[in-house]
Amino acid sequence: MTARGKGRRFMPVVVLLGLVGVLLPTSAVQAAGPGPLKVVLIGDSYAAGNGARDADGDRNYEGPKGCYRSPTNWASQYVGHLEGGGYDVTFVNRACSGGVITDYTQRRDMDDEIIRYVSLPEDTPEADVIRSAQSDECASRFPADEEYDIEYKRYSVLLGHQVECRRFMKPQLDAIGADTDLILMTGGGNDVEFSNIVKQCFAPVLRDPGGCREKVTQANDDIDLIQDRLTAALLSARERARPDTKIVVVGYPFLANNDDFELVYKRLGIWESDRYAAAREVRELGRQGDIAQAAAVAAANAEAGTDFAQFVNIKELFTGHEPKPELGTGNPDRWISEIENRILIENYHYNAEGHRQLGLYLSGFDSFGAMGTVGTDSSNIDLAFVVDTTGSMGADIDAVKASMNAILDSLEASTASYRVAVIDYRDYADRTGFEGDYPSQLVLDFSTDPVAIRNAINGLTLGFGGDTPETIWSGLFESFRLDWRPGVKKLALQFGDAPALNPEPVSGYTTASVIAASLAIDPVAIYAIDTGAAGTEIREAAVATGGQVLVAPTPTQLVDQIQAVISTAAQSPYAWIGTGYAGRTGDAIALSGAGSFDPDGTIVSWEWDLDGDGTYETTSPGSELVYTYDADYSGLVAMRVTDDEGNIGIATAPIDISIDGDSVATDEDNCPTIHNPGQLDDDGDGVGDLCDPDWVLETGDAEGVGFAIGPAPTSSVAPTTITAAPGAAFTATGTVGDPEGDPVTATWIIDGCTVLDPSLPEATIVCDTAGTYELALVAEDGNGGVVAGLAVVEISGDPGGPAECVASSLSDGRVEVTWSSFNGEDDNYQLRADGDWRASVSAAGELRWVDDYPVAGTVYTVRSAEAAGRVDQTCSVTTGDVTPRPACVLEEFSDGTVRLTWDARDIENDNYQVRVDGRWRASVPADGPLSWTGVGGVEHIVRSDELGARLDMTCE
């Protein structure tokens, strides 16, 4: 059996201190005694849980979509260590992937819009449509930190009232109050656009030196702003918490394992035109971030006049375990993912080992000096007065007003912290006939100010209210929409003398919907004080939510009952089973009530409602229960605890069981067998990325982009501007080197010209055509570094060679080609006739060449054999300048043989070759008879074997 979910088992803290003590200063280890402790986590993806895994190595995200909270993130594992050391921890995770510092104090728009249709009569007022949508179509599964703004759109006869629901995360600091003992947080990474830095500096396809430089430069410019924002957030958190609440700012690791990785852009795919030391600069940005975070902590402490906040630098802990940004390599000891996950927001976040190591490291600080309260004053209470203000409540309202001081004194004496809200209800105006009536109204939001609370109560006025029953459910739902603190006892104290409308008109609220809404908020225990005839419906709701109905027929008894409720709530056991669960159908789910405790005694009973039907069908001997769901289930799991005095406490949490355990219903899941809570679908084909066979994790770089390890080699060319004439040789001087002494390969490149001598330090080059050229000396160090020293080459002016060669006819029918020297006696020349190279002439000899019996119009080209003077000179002969080409004669004999005879073609010492039907058959010396005898019936060709006169004669 494999346990998944919130259940945790860790080594005792005393053992862990021995393991991590070498990493911590002695003063960091606190000696706080065990007891109730509330820990709140706020921050971004480095806090929420991106990259965490369960014991089987599977993803286990839960909670609001897009936040990627994990019950095995580093903070949860740290809390597990505290629990192992005897603390009863209420742990609240409000961190959300992508969060910035302003999200701690402001709502965050999640860019998630949903269109819903509400089935109510056409003439239903818009306000009632929105109220109905809030309670049903746009209700959040996580009301403590997620909410919807609802906008009425239109009415459709076929579909009903259309509303648009836009999703928001509530400010993360809403989870903090006087009940909070320890706050863990990260902050600033997304403020400097962490994700864009990773994309531009390390992600394949997207990264390039220019983009990386731009993002890092912008981040450095914003560092001071981050410091100011973080300082303000720390002070704001302290203002909401107690003076002795501790805040821990956890830093970020380096995003590269050394300084060597550099991005390059290669011009023409060959040498670098841009280079940026991505790893070094991003690591330096990380150092500056640490400085800014530490400065923010120091500034906040100075402002507060006490050291309530602490910065924990984790870079040393992660040294050697950071990502290695070179593609296709990988750091085998990494605690941070490289580009390796299909859920891209997991890349460059802690992997499972990173979360484990960080949780272990923080456990060495124990509770960071945070101390929870112990005893009957350890209860923290949010109390909402839900008051009937119909005309019949006149005498009771006066009694409540008169007893306000006593009520507040009781809260002050019996709780560690409290907040009070005031709501009143009457009835729908169209039912009462009194336009001043309403279903419910928020008079005072949660407050800790006794004067504000007293003024709200004293300001209550009575309406008409009409006949009974009344809109009790609207009053309670008004309270459910308040921002209740997570991890405190929640009470809705309802006063009335009439039963509830059940169901209510318009809203459709019923006993069942009230119970469900209460339980979804952990729950809100409904206590009803009946001053008349409350009815059975409110009794049912009270019992189901862990409250009760008390009868107070007189004003004196009313005050006594109010104080009794507060006293009972303060002494009742506190139940806590976390903020949510997700798991797979058929897998064991570990449910944990480890944070529960009794302020004045002992918890003796643990009961569980596993399907949200109100029946507690199983028990456990302690705070842990392992349970397997055989079918998909999305709803609530509840735990009821009873103390040794018979008082009860109830805790609830949302739970989602599906085939893949990702909190997405199987029939709506675009990847139903693989955990993908974000439902990412890059190509929009309806198949989630994690199970899409066509989805490919890109691992290449964009065209021209590459990387190098270590500094670039060096290369320079002198002079940087070179002038020469066409065809004239010039020299360039180049030097190459490497800062680290690595071997360097050097290559001269100049497009459109010829490098005659590519050696160093001097190269000899010639350009035949006038124009402007770029000369590059490319140096490559073998580590990806390819740079070029550059020079501009200007080619202009007269090439400087002879105007033309001269072709002259000789008296014997041959042609003489003459020319003048181009570069001097050390030059050689080549001669081409009609595209065929015919001769190579040394400049040391006579600059002439004789062609024997050329074809009329033959074009001759003379070229210097040395590239330094390789400029063509052309000349030609006309038809009248040449004699006819001699031919050989073929005689046939009766025996089938033939005889070939021919005249000499040029000089007496020439020899001849005979080819018969494509095969060379004989070589005839020029000093013998110019004839040859062979077989007949085939083609015969005679050729001079001297290159200068190699012209074929066909014999016929």
# chains A, B, ... in the order shown; residues from 1 in each chain; ligands from 1
>>> residues_around(residues="Gly622 in chain A", least_positions_apart="6", cutoff="12 Å", atoms="only C-alpha atoms", output="PyMOL selection string")
chain A and resi 591-597+602-608+639-642
>>> write_last_selection(atoms="all heavy atoms", output="tab-separated table (two decimals), in the first residue's frame")
chain	number	residue	atom	x	y	z
A	591	LEU	N	-4.69	10.80	4.98
A	591	LEU	CA	-5.37	11.95	5.54
A	591	LEU	C	-4.77	12.23	6.91
A	591	LEU	O	-4.55	11.32	7.70
A	591	LEU	CB	-6.87	11.68	5.67
A	591	LEU	CG	-7.58	11.22	4.37
A	591	LEU	CD1	-9.00	10.80	4.66
A	591	LEU	CD2	-7.54	12.34	3.34
A	592	SER	N	-4.52	13.51	7.20
A	592	SER	CA	-3.82	13.83	8.44
A	592	SER	C	-4.51	14.96	9.18
A	592	SER	O	-4.78	16.02	8.62
A	592	SER	CB	-2.37	14.24	8.14
A	592	SER	OG	-1.72	14.68	9.32
A	593	GLY	N	-4.79	14.71	10.46
A	593	GLY	CA	-5.28	15.75	11.36
A	593	GLY	C	-4.22	16.13	12.37
A	593	GLY	O	-4.55	16.48	13.51
A	594	ALA	N	-2.95	16.06	11.97
A	594	ALA	CA	-1.84	16.24	12.91
A	594	ALA	C	-1.81	17.61	13.55
A	594	ALA	O	-1.24	17.79	14.62
A	594	ALA	CB	-0.51	15.97	12.19
A	595	GLY	N	-2.43	18.61	12.90
A	595	GLY	CA	-2.41	19.94	13.49
A	595	GLY	C	-3.47	20.16	14.55
A	595	GLY	O	-3.54	21.24	15.15
A	596	SER	N	-4.31	19.16	14.82
A	596	SER	CA	-5.41	19.31	15.78
A	596	SER	C	-4.88	19.26	17.22
A	596	SER	O	-3.90	18.60	17.51
A	596	SER	CB	-6.44	18.20	15.57
A	596	SER	OG	-6.86	18.15	14.22
A	597	PHE	N	-5.58	19.96	18.11
A	597	PHE	CA	-5.21	19.91	19.53
A	597	PHE	C	-6.40	20.37	20.37
A	597	PHE	O	-7.36	20.96	19.86
A	597	PHE	CB	-4.00	20.80	19.80
A	597	PHE	CG	-4.26	22.27	19.60
A	597	PHE	CD1	-4.67	23.08	20.66
A	597	PHE	CD2	-4.11	22.85	18.35
A	597	PHE	CE1	-4.92	24.43	20.48
A	597	PHE	CE2	-4.36	24.20	18.15
A	597	PHE	CZ	-4.76	25.00	19.22
A	602	THR	N	-7.59	16.80	26.31
A	602	THR	CA	-7.04	15.82	25.38
A	602	THR	C	-8.11	15.40	24.39
A	602	THR	O	-9.28	15.22	24.74
A	602	THR	CB	-6.56	14.57	26.14
A	602	THR	OG1	-5.61	14.97	27.13
A	602	THR	CG2	-5.91	13.58	25.18
A	603	ILE	N	-7.70	15.24	23.13
A	603	ILE	CA	-8.61	14.69	22.12
A	603	ILE	C	-8.67	13.18	22.32
A	603	ILE	O	-7.63	12.50	22.36
A	603	ILE	CB	-8.13	15.03	20.69
A	603	ILE	CG1	-8.17	16.54	20.48
A	603	ILE	CG2	-8.99	14.32	19.65
A	603	ILE	CD1	-7.62	16.99	19.14
A	604	VAL	N	-9.90	12.65	22.42
A	604	VAL	CA	-10.07	11.23	22.70
A	604	VAL	C	-10.72	10.47	21.56
A	604	VAL	O	-10.74	9.24	21.57
A	604	VAL	CB	-10.90	11.02	23.99
A	604	VAL	CG1	-10.17	11.61	25.19
A	604	VAL	CG2	-12.29	11.63	23.86
A	605	SER	N	-11.22	11.18	20.55
A	605	SER	CA	-11.94	10.50	19.47
A	605	SER	C	-11.67	11.21	18.15
A	605	SER	O	-11.68	12.45	18.07
A	605	SER	CB	-13.45	10.49	19.77
A	605	SER	OG	-14.17	9.99	18.66
A	606	TRP	N	-11.42	10.39	17.10
A	606	TRP	CA	-11.19	10.90	15.75
A	606	TRP	C	-12.17	10.19	14.82
A	606	TRP	O	-12.12	8.98	14.65
A	606	TRP	CB	-9.76	10.61	15.30
A	606	TRP	CG	-8.70	11.06	16.28
A	606	TRP	CD1	-8.32	10.43	17.42
A	606	TRP	CD2	-7.93	12.25	16.19
A	606	TRP	NE1	-7.34	11.14	18.06
A	606	TRP	CE2	-7.07	12.28	17.33
A	606	TRP	CE3	-7.85	13.30	15.27
A	606	TRP	CZ2	-6.15	13.30	17.55
A	606	TRP	CZ3	-6.94	14.32	15.50
A	606	TRP	CH2	-6.11	14.31	16.63
A	607	GLU	N	-13.08	10.94	14.21
A	607	GLU	CA	-14.09	10.38	13.31
A	607	GLU	C	-13.96	11.02	11.94
A	607	GLU	O	-13.60	12.20	11.81
A	607	GLU	CB	-15.49	10.63	13.86
A	607	GLU	CG	-15.74	10.04	15.25
A	607	GLU	CD	-17.07	10.50	15.80
A	607	GLU	OE1	-17.10	11.62	16.37
A	607	GLU	OE2	-18.06	9.78	15.65
A	608	TRP	N	-14.35	10.26	10.89
A	608	TRP	CA	-14.12	10.73	9.52
A	608	TRP	C	-15.38	10.56	8.68
A	608	TRP	O	-15.99	9.49	8.68
A	608	TRP	CB	-12.97	9.95	8.87
A	608	TRP	CG	-11.67	10.08	9.61
A	608	TRP	CD1	-11.25	9.36	10.69
A	608	TRP	CD2	-10.65	11.02	9.33
A	608	TRP	NE1	-10.03	9.76	11.11
A	608	TRP	CE2	-9.61	10.80	10.30
A	608	TRP	CE3	-10.46	12.03	8.39
A	608	TRP	CZ2	-8.43	11.54	10.31
A	608	TRP	CZ3	-9.29	12.76	8.40
A	608	TRP	CH2	-8.29	12.52	9.35
A	639	MET	N	-13.33	15.71	9.28
A	639	MET	CA	-12.85	15.01	10.47
A	639	MET	C	-13.50	15.67	11.69
A	639	MET	O	-13.48	16.90	11.82
A	639	MET	CB	-11.33	15.08	10.57
A	639	MET	CG	-10.74	14.41	11.81
A	639	MET	SD	-8.98	14.78	12.03
A	639	MET	CE	-9.05	16.52	12.48
A	640	ARG	N	-14.05	14.86	12.57
A	640	ARG	CA	-14.64	15.37	13.81
A	640	ARG	C	-13.86	14.82	14.98
A	640	ARG	O	-13.67	13.60	15.10
A	640	ARG	CB	-16.11	14.96	13.91
A	640	ARG	CG	-16.83	15.51	15.15
A	640	ARG	CD	-18.33	15.28	15.04
A	640	ARG	NE	-18.66	13.87	15.02
A	640	ARG	CZ	-19.88	13.40	14.69
A	640	ARG	NH1	-20.84	14.24	14.37
A	640	ARG	NH2	-20.11	12.10	14.70
A	641	VAL	N	-13.40	15.71	15.85
A	641	VAL	CA	-12.66	15.29	17.03
A	641	VAL	C	-13.48	15.64	18.27
A	641	VAL	O	-14.22	16.64	18.30
A	641	VAL	CB	-11.27	15.95	17.10
A	641	VAL	CG1	-10.40	15.50	15.94
A	641	VAL	CG2	-11.37	17.48	17.12
A	642	THR	N	-13.33	14.80	19.30
A	642	THR	CA	-14.02	15.01	20.57
A	642	THR	C	-13.00	14.98	21.68
A	642	THR	O	-12.11	14.12	21.70
A	642	THR	CB	-15.08	13.92	20.80
A	642	THR	OG1	-15.96	13.86	19.68
A	642	THR	CG2	-15.89	14.20	22.06
>>> select_by_dssp(residues="range 564-690 of chain A", states="strand (DSSP E)", output="PyMOL selection string")
chain A and resi 581-584+588-592+603-609+618-620+624-628+633-643+648-658
>>> write_last_selection(atoms="N, CA and C atoms", output="short mmCIF file (atom, residue, chain, number, x, y, z; two decimals), in the first residue's frame")
data_model
loop_
_atom_site.label_atom_id
_atom_site.label_comp_id
_atom_site.auth_asym_id
_atom_site.auth_seq_id
_atom_site.Cartn_x
_atom_site.Cartn_y
_atom_site.Cartn_z
N TYR A 581 -6.81 17.94 -0.59
CA TYR A 581 -6.20 16.68 -0.99
C TYR A 581 -6.53 16.39 -2.44
N ALA A 582 -5.65 15.66 -3.08
CA ALA A 582 -5.91 15.15 -4.42
C ALA A 582 -5.25 13.78 -4.50
N GLY A 583 -5.86 12.87 -5.20
CA GLY A 583 -5.29 11.53 -5.30
C GLY A 583 -5.90 10.76 -6.44
N ARG A 584 -5.37 9.56 -6.65
CA ARG A 584 -5.81 8.71 -7.75
C ARG A 584 -6.80 7.66 -7.26
N ALA A 588 -4.04 4.59 -2.15
CA ALA A 588 -4.24 4.94 -0.75
C ALA A 588 -3.94 6.43 -0.56
N ILE A 589 -4.83 7.11 0.14
CA ILE A 589 -4.68 8.54 0.43
C ILE A 589 -4.42 8.69 1.92
N ALA A 590 -3.37 9.37 2.27
CA ALA A 590 -3.04 9.59 3.68
C ALA A 590 -3.67 10.90 4.13
N LEU A 591 -4.69 10.80 4.98
CA LEU A 591 -5.37 11.95 5.54
C LEU A 591 -4.77 12.23 6.91
N SER A 592 -4.52 13.51 7.20
CA SER A 592 -3.82 13.83 8.44
C SER A 592 -4.51 14.96 9.18
N ILE A 603 -7.70 15.24 23.13
CA ILE A 603 -8.61 14.69 22.12
C ILE A 603 -8.67 13.18 22.32
N VAL A 604 -9.90 12.65 22.42
CA VAL A 604 -10.07 11.23 22.70
C VAL A 604 -10.72 10.47 21.56
N SER A 605 -11.22 11.18 20.55
CA SER A 605 -11.94 10.50 19.47
C SER A 605 -11.67 11.21 18.15
N TRP A 606 -11.42 10.39 17.10
CA TRP A 606 -11.19 10.90 15.75
C TRP A 606 -12.17 10.19 14.82
N GLU A 607 -13.08 10.94 14.21
CA GLU A 607 -14.09 10.38 13.31
C GLU A 607 -13.96 11.02 11.94
N TRP A 608 -14.35 10.26 10.89
CA TRP A 608 -14.12 10.73 9.52
C TRP A 608 -15.38 10.56 8.68
N ASP A 609 -15.73 11.62 7.98
CA ASP A 609 -16.78 11.58 6.95
C ASP A 609 -16.04 11.70 5.61
N THR A 618 -16.28 6.24 9.75
CA THR A 618 -15.13 5.48 10.22
C THR A 618 -14.38 6.29 11.27
N THR A 619 -13.57 5.60 12.04
CA THR A 619 -12.76 6.24 13.08
C THR A 619 -11.31 5.83 12.91
N SER A 620 -10.43 6.54 13.58
CA SER A 620 -9.01 6.19 13.57
C SER A 620 -8.49 6.32 14.99
N GLU A 624 -4.18 10.21 12.09
CA GLU A 624 -3.90 9.79 10.73
C GLU A 624 -4.88 8.71 10.28
N LEU A 625 -5.29 8.81 9.00
CA LEU A 625 -6.14 7.78 8.41
C LEU A 625 -5.71 7.57 6.97
N VAL A 626 -5.49 6.33 6.60
CA VAL A 626 -5.18 5.99 5.22
C VAL A 626 -6.41 5.35 4.61
N TYR A 627 -6.86 5.90 3.48
CA TYR A 627 -8.13 5.45 2.90
C TYR A 627 -7.98 5.37 1.38
N THR A 628 -8.66 4.40 0.79
CA THR A 628 -8.62 4.21 -0.65
C THR A 628 -10.01 4.44 -1.23
N TYR A 633 -14.19 10.94 -6.95
CA TYR A 633 -14.97 11.70 -5.97
C TYR A 633 -14.42 13.11 -5.90
N SER A 634 -15.28 14.10 -6.00
CA SER A 634 -14.92 15.49 -5.84
C SER A 634 -15.88 16.10 -4.84
N GLY A 635 -15.38 16.48 -3.69
CA GLY A 635 -16.23 17.01 -2.63
C GLY A 635 -15.41 17.36 -1.42
N LEU A 636 -15.95 17.08 -0.24
CA LEU A 636 -15.28 17.39 1.00
C LEU A 636 -14.99 16.13 1.80
N VAL A 637 -13.91 16.15 2.53
CA VAL A 637 -13.64 15.15 3.55
C VAL A 637 -13.67 15.89 4.88
N ALA A 638 -14.31 15.30 5.88
CA ALA A 638 -14.46 15.95 7.18
C ALA A 638 -13.90 15.07 8.28
N MET A 639 -13.33 15.71 9.28
CA MET A 639 -12.85 15.01 10.47
C MET A 639 -13.50 15.67 11.69
N ARG A 640 -14.05 14.86 12.57
CA ARG A 640 -14.64 15.37 13.81
C ARG A 640 -13.86 14.82 14.98
N VAL A 641 -13.40 15.71 15.85
CA VAL A 641 -12.66 15.29 17.03
C VAL A 641 -13.48 15.64 18.27
N THR A 642 -13.33 14.80 19.30
CA THR A 642 -14.02 15.01 20.57
C THR A 642 -13.00 14.98 21.68
N ASP A 643 -13.12 15.95 22.61
CA ASP A 643 -12.16 15.99 23.69
C ASP A 643 -12.68 15.26 24.92
N ILE A 648 -16.68 19.12 20.81
CA ILE A 648 -16.26 18.64 19.49
C ILE A 648 -15.65 19.77 18.67
N GLY A 649 -14.89 19.36 17.70
CA GLY A 649 -14.36 20.27 16.69
C GLY A 649 -14.42 19.58 15.35
N ILE A 650 -14.73 20.32 14.30
CA ILE A 650 -14.84 19.74 12.96
C ILE A 650 -13.89 20.47 12.02
N ALA A 651 -13.22 19.71 11.19
CA ALA A 651 -12.38 20.28 10.14
C ALA A 651 -12.78 19.65 8.81
N THR A 652 -12.75 20.44 7.78
CA THR A 652 -13.05 19.94 6.44
C THR A 652 -11.97 20.40 5.47
N ALA A 653 -11.88 19.69 4.36
CA ALA A 653 -10.97 20.08 3.29
C ALA A 653 -11.51 19.53 1.98
N PRO A 654 -11.35 20.26 0.89
CA PRO A 654 -11.76 19.72 -0.41
C PRO A 654 -10.87 18.55 -0.79
N ILE A 655 -11.45 17.58 -1.45
CA ILE A 655 -10.69 16.43 -1.92
C ILE A 655 -11.15 16.07 -3.32
N ASP A 656 -10.21 15.77 -4.18
CA ASP A 656 -10.52 15.39 -5.55
C ASP A 656 -9.83 14.08 -5.87
N ILE A 657 -10.64 13.07 -6.18
CA ILE A 657 -10.13 11.76 -6.54
C ILE A 657 -10.51 11.50 -7.99
N SER A 658 -9.53 11.22 -8.81
CA SER A 658 -9.77 10.93 -10.23
C SER A 658 -8.74 9.91 -10.70
#
>>> closest_atom_pairs(of="range 295-405 of chain A", to="range 69-85 of chain A", cutoff="8 Å", atoms="only C-alpha atoms", output="Markdown table")
| residue | atom | partner | partner_atom | distance |
| --- | --- | --- | --- | --- |
| A:Gly354 | CA | A:Trp74 | CA | 7.9 |
| A:His355 | CA | A:Trp74 | CA | 4.3 |
| A:Arg356 | CA | A:Trp74 | CA | 5.9 |
| A:Gln357 | CA | A:Trp74 | CA | 7.7 |
| A:Leu358 | CA | A:Trp74 | CA | 5.8 |
| A:Gly359 | CA | A:Trp74 | CA | 4.4 |
| A:Leu360 | CA | A:Tyr78 | CA | 6.4 |
| A:Leu362 | CA | A:Tyr78 | CA | 6.4 |
| A:Ser363 | CA | A:Tyr78 | CA | 5.6 |
| A:Asp366 | CA | A:Leu82 | CA | 6.9 |
| A:Ser367 | CA | A:Leu82 | CA | 7.3 |
>>> closest_residue(among="A:Asn911, A:Thr180, A:Val92, A:Val198", to="Leu344 in chain A", atoms="only C-alpha atoms")
A:Val198
>>> atom_distance(atom1="CA of Gln172 in chain A", atom2="CA of Ser479 in chain A")
20.3 Å
>>> closest_residue(among="A:Val386, A:Ala779, A:Ala702, A:Val249", to="Thr471 in chain A", atoms="only C-alpha atoms")
A:Val386
>>> atom_distance(atom1="CA of Cys212 in chain A", atom2="CA of Ala292 in chain A")
21.2 Å
>>> closest_residue(among="A:Ser842, A:Asn405, A:Ser663, A:Asn220", to="Gly580 in chain A", atoms="only C-alpha atoms")
A:Ser663
>>> closest_residue(among="A:Ala302, A:Ile423, A:Ile381, A:Ile453", to="Lys490 in chain A", atoms="only C-alpha atoms")
A:Ile381
>>> residues_around(residues="Ile42 in chain A", least_positions_apart="3", cutoff="10 Å", atoms="only C-alpha atoms", output="PDB file with N, CA and C atoms, in the first residue's frame")
ATOM      1  N   SER A  45       6.246  30.439  -7.298  1.00  0.00           N
ATOM      2  CA  SER A  45       6.409  29.022  -7.649  1.00  0.00           C
ATOM      3  C   SER A  45       7.523  28.354  -6.851  1.00  0.00           C
ATOM      4  N   ALA A  47       7.902  28.663  -3.839  1.00  0.00           N
ATOM      5  CA  ALA A  47       7.312  28.297  -2.554  1.00  0.00           C
ATOM      6  C   ALA A  47       6.161  27.320  -2.751  1.00  0.00           C
ATOM      7  N   ALA A  48       5.340  27.542  -3.762  1.00  0.00           N
ATOM      8  CA  ALA A  48       4.098  26.766  -3.918  1.00  0.00           C
ATOM      9  C   ALA A  48       4.352  25.269  -4.015  1.00  0.00           C
ATOM     10  N   VAL A  92      -0.755  26.489   6.397  1.00  0.00           N
ATOM     11  CA  VAL A  92      -1.584  27.065   5.338  1.00  0.00           C
ATOM     12  C   VAL A  92      -0.676  27.499   4.202  1.00  0.00           C
ATOM     13  N   ASN A  93      -0.890  26.915   3.034  1.00  0.00           N
ATOM     14  CA  ASN A  93      -0.106  27.253   1.849  1.00  0.00           C
ATOM     15  C   ASN A  93      -0.926  28.202   0.981  1.00  0.00           C
ATOM     16  N   ARG A  94      -0.490  29.450   0.891  1.00  0.00           N
ATOM     17  CA  ARG A  94      -1.151  30.430   0.036  1.00  0.00           C
ATOM     18  C   ARG A  94      -0.255  30.854  -1.119  1.00  0.00           C
ATOM     19  N   ALA A  95       0.897  30.249  -1.263  1.00  0.00           N
ATOM     20  CA  ALA A  95       1.783  30.573  -2.382  1.00  0.00           C
ATOM     21  C   ALA A  95       1.142  30.113  -3.683  1.00  0.00           C
ATOM     22  N   CYS A  96       1.465  30.820  -4.746  1.00  0.00           N
ATOM     23  CA  CYS A  96       0.859  30.488  -6.046  1.00  0.00           C
ATOM     24  C   CYS A  96       1.869  30.760  -7.146  1.00  0.00           C
ATOM     25  N   GLY A  99       3.337  34.211  -8.885  1.00  0.00           N
ATOM     26  CA  GLY A  99       3.018  35.340  -8.031  1.00  0.00           C
ATOM     27  C   GLY A  99       4.130  36.362  -7.957  1.00  0.00           C
ATOM     28  N   ILE A 101       5.243  40.210  -5.744  1.00  0.00           N
ATOM     29  CA  ILE A 101       5.112  40.724  -4.382  1.00  0.00           C
ATOM     30  C   ILE A 101       3.793  41.457  -4.183  1.00  0.00           C
ATOM     31  N   ASP A 103       1.025  40.655  -5.223  1.00  0.00           N
ATOM     32  CA  ASP A 103      -0.044  39.682  -4.990  1.00  0.00           C
ATOM     33  C   ASP A 103      -0.198  39.356  -3.504  1.00  0.00           C
ATOM     34  N   TYR A 104       0.765  39.733  -2.695  1.00  0.00           N
ATOM     35  CA  TYR A 104       0.634  39.491  -1.264  1.00  0.00           C
ATOM     36  C   TYR A 104      -0.409  40.419  -0.646  1.00  0.00           C
ATOM     37  N   PRO A 171      -5.696  38.335  -1.894  1.00  0.00           N
ATOM     38  CA  PRO A 171      -4.348  38.692  -1.425  1.00  0.00           C
ATOM     39  C   PRO A 171      -3.799  37.613  -0.487  1.00  0.00           C
ATOM     40  N   GLN A 172      -2.580  37.231  -0.720  1.00  0.00           N
ATOM     41  CA  GLN A 172      -2.007  36.142   0.077  1.00  0.00           C
ATOM     42  C   GLN A 172      -1.923  36.493   1.561  1.00  0.00           C
ATOM     43  N   LEU A 173      -1.746  37.776   1.859  1.00  0.00           N
ATOM     44  CA  LEU A 173      -1.639  38.179   3.265  1.00  0.00           C
ATOM     45  C   LEU A 173      -2.967  38.070   4.000  1.00  0.00           C
ATOM     46  N   ALA A 175      -4.359  35.488   4.610  1.00  0.00           N
ATOM     47  CA  ALA A 175      -4.247  34.288   5.437  1.00  0.00           C
ATOM     48  C   ALA A 175      -3.521  34.558   6.748  1.00  0.00           C
ATOM     49  N   ILE A 176      -3.020  35.773   6.916  1.00  0.00           N
ATOM     50  CA  ILE A 176      -2.217  36.111   8.095  1.00  0.00           C
ATOM     51  C   ILE A 176      -3.041  36.948   9.057  1.00  0.00           C
ATOM     52  N   ILE A 183       5.646  32.906   9.519  1.00  0.00           N
ATOM     53  CA  ILE A 183       5.377  33.128   8.094  1.00  0.00           C
ATOM     54  C   ILE A 183       6.627  32.762   7.314  1.00  0.00           C
ATOM     55  N   LEU A 184       6.478  31.865   6.367  1.00  0.00           N
ATOM     56  CA  LEU A 184       7.548  31.523   5.432  1.00  0.00           C
ATOM     57  C   LEU A 184       7.210  32.168   4.097  1.00  0.00           C
ATOM     58  N   MET A 185       8.209  32.705   3.426  1.00  0.00           N
ATOM     59  CA  MET A 185       7.886  33.369   2.172  1.00  0.00           C
ATOM     60  C   MET A 185       9.075  33.390   1.218  1.00  0.00           C
ATOM     61  N   THR A 186       8.750  33.479  -0.062  1.00  0.00           N
ATOM     62  CA  THR A 186       9.708  33.837  -1.105  1.00  0.00           C
ATOM     63  C   THR A 186       9.164  35.091  -1.768  1.00  0.00           C
ATOM     64  N   GLY A 187      10.003  35.827  -2.447  1.00  0.00           N
ATOM     65  CA  GLY A 187       9.501  37.028  -3.085  1.00  0.00           C
ATOM     66  C   GLY A 187      10.538  37.732  -3.922  1.00  0.00           C
ATOM     67  N   VAL A 249      12.232  34.967   5.184  1.00  0.00           N
ATOM     68  CA  VAL A 249      12.336  35.130   3.735  1.00  0.00           C
ATOM     69  C   VAL A 249      13.374  34.139   3.240  1.00  0.00           C
TER      70      VAL A 249
END
>>> closest_residue(among="A:Thr329, A:Asn341, A:Thr245, A:Ser864", to="Phe308 in chain A", atoms="only C-alpha atoms")
A:Thr245
>>> select_by_dssp(residues="range 385-620 of chain A", states="alpha helix (DSSP H)", output="PyMOL selection string")
chain A and resi 394-402+404-414+429-432+450-458+472-480+511-519+536-544+555-571
>>> closest_residue(among="A:Asp560, A:Leu37, A:Asp682, A:Gly918", to="Asp694 in chain A", atoms="only C-alpha atoms")
A:Asp682
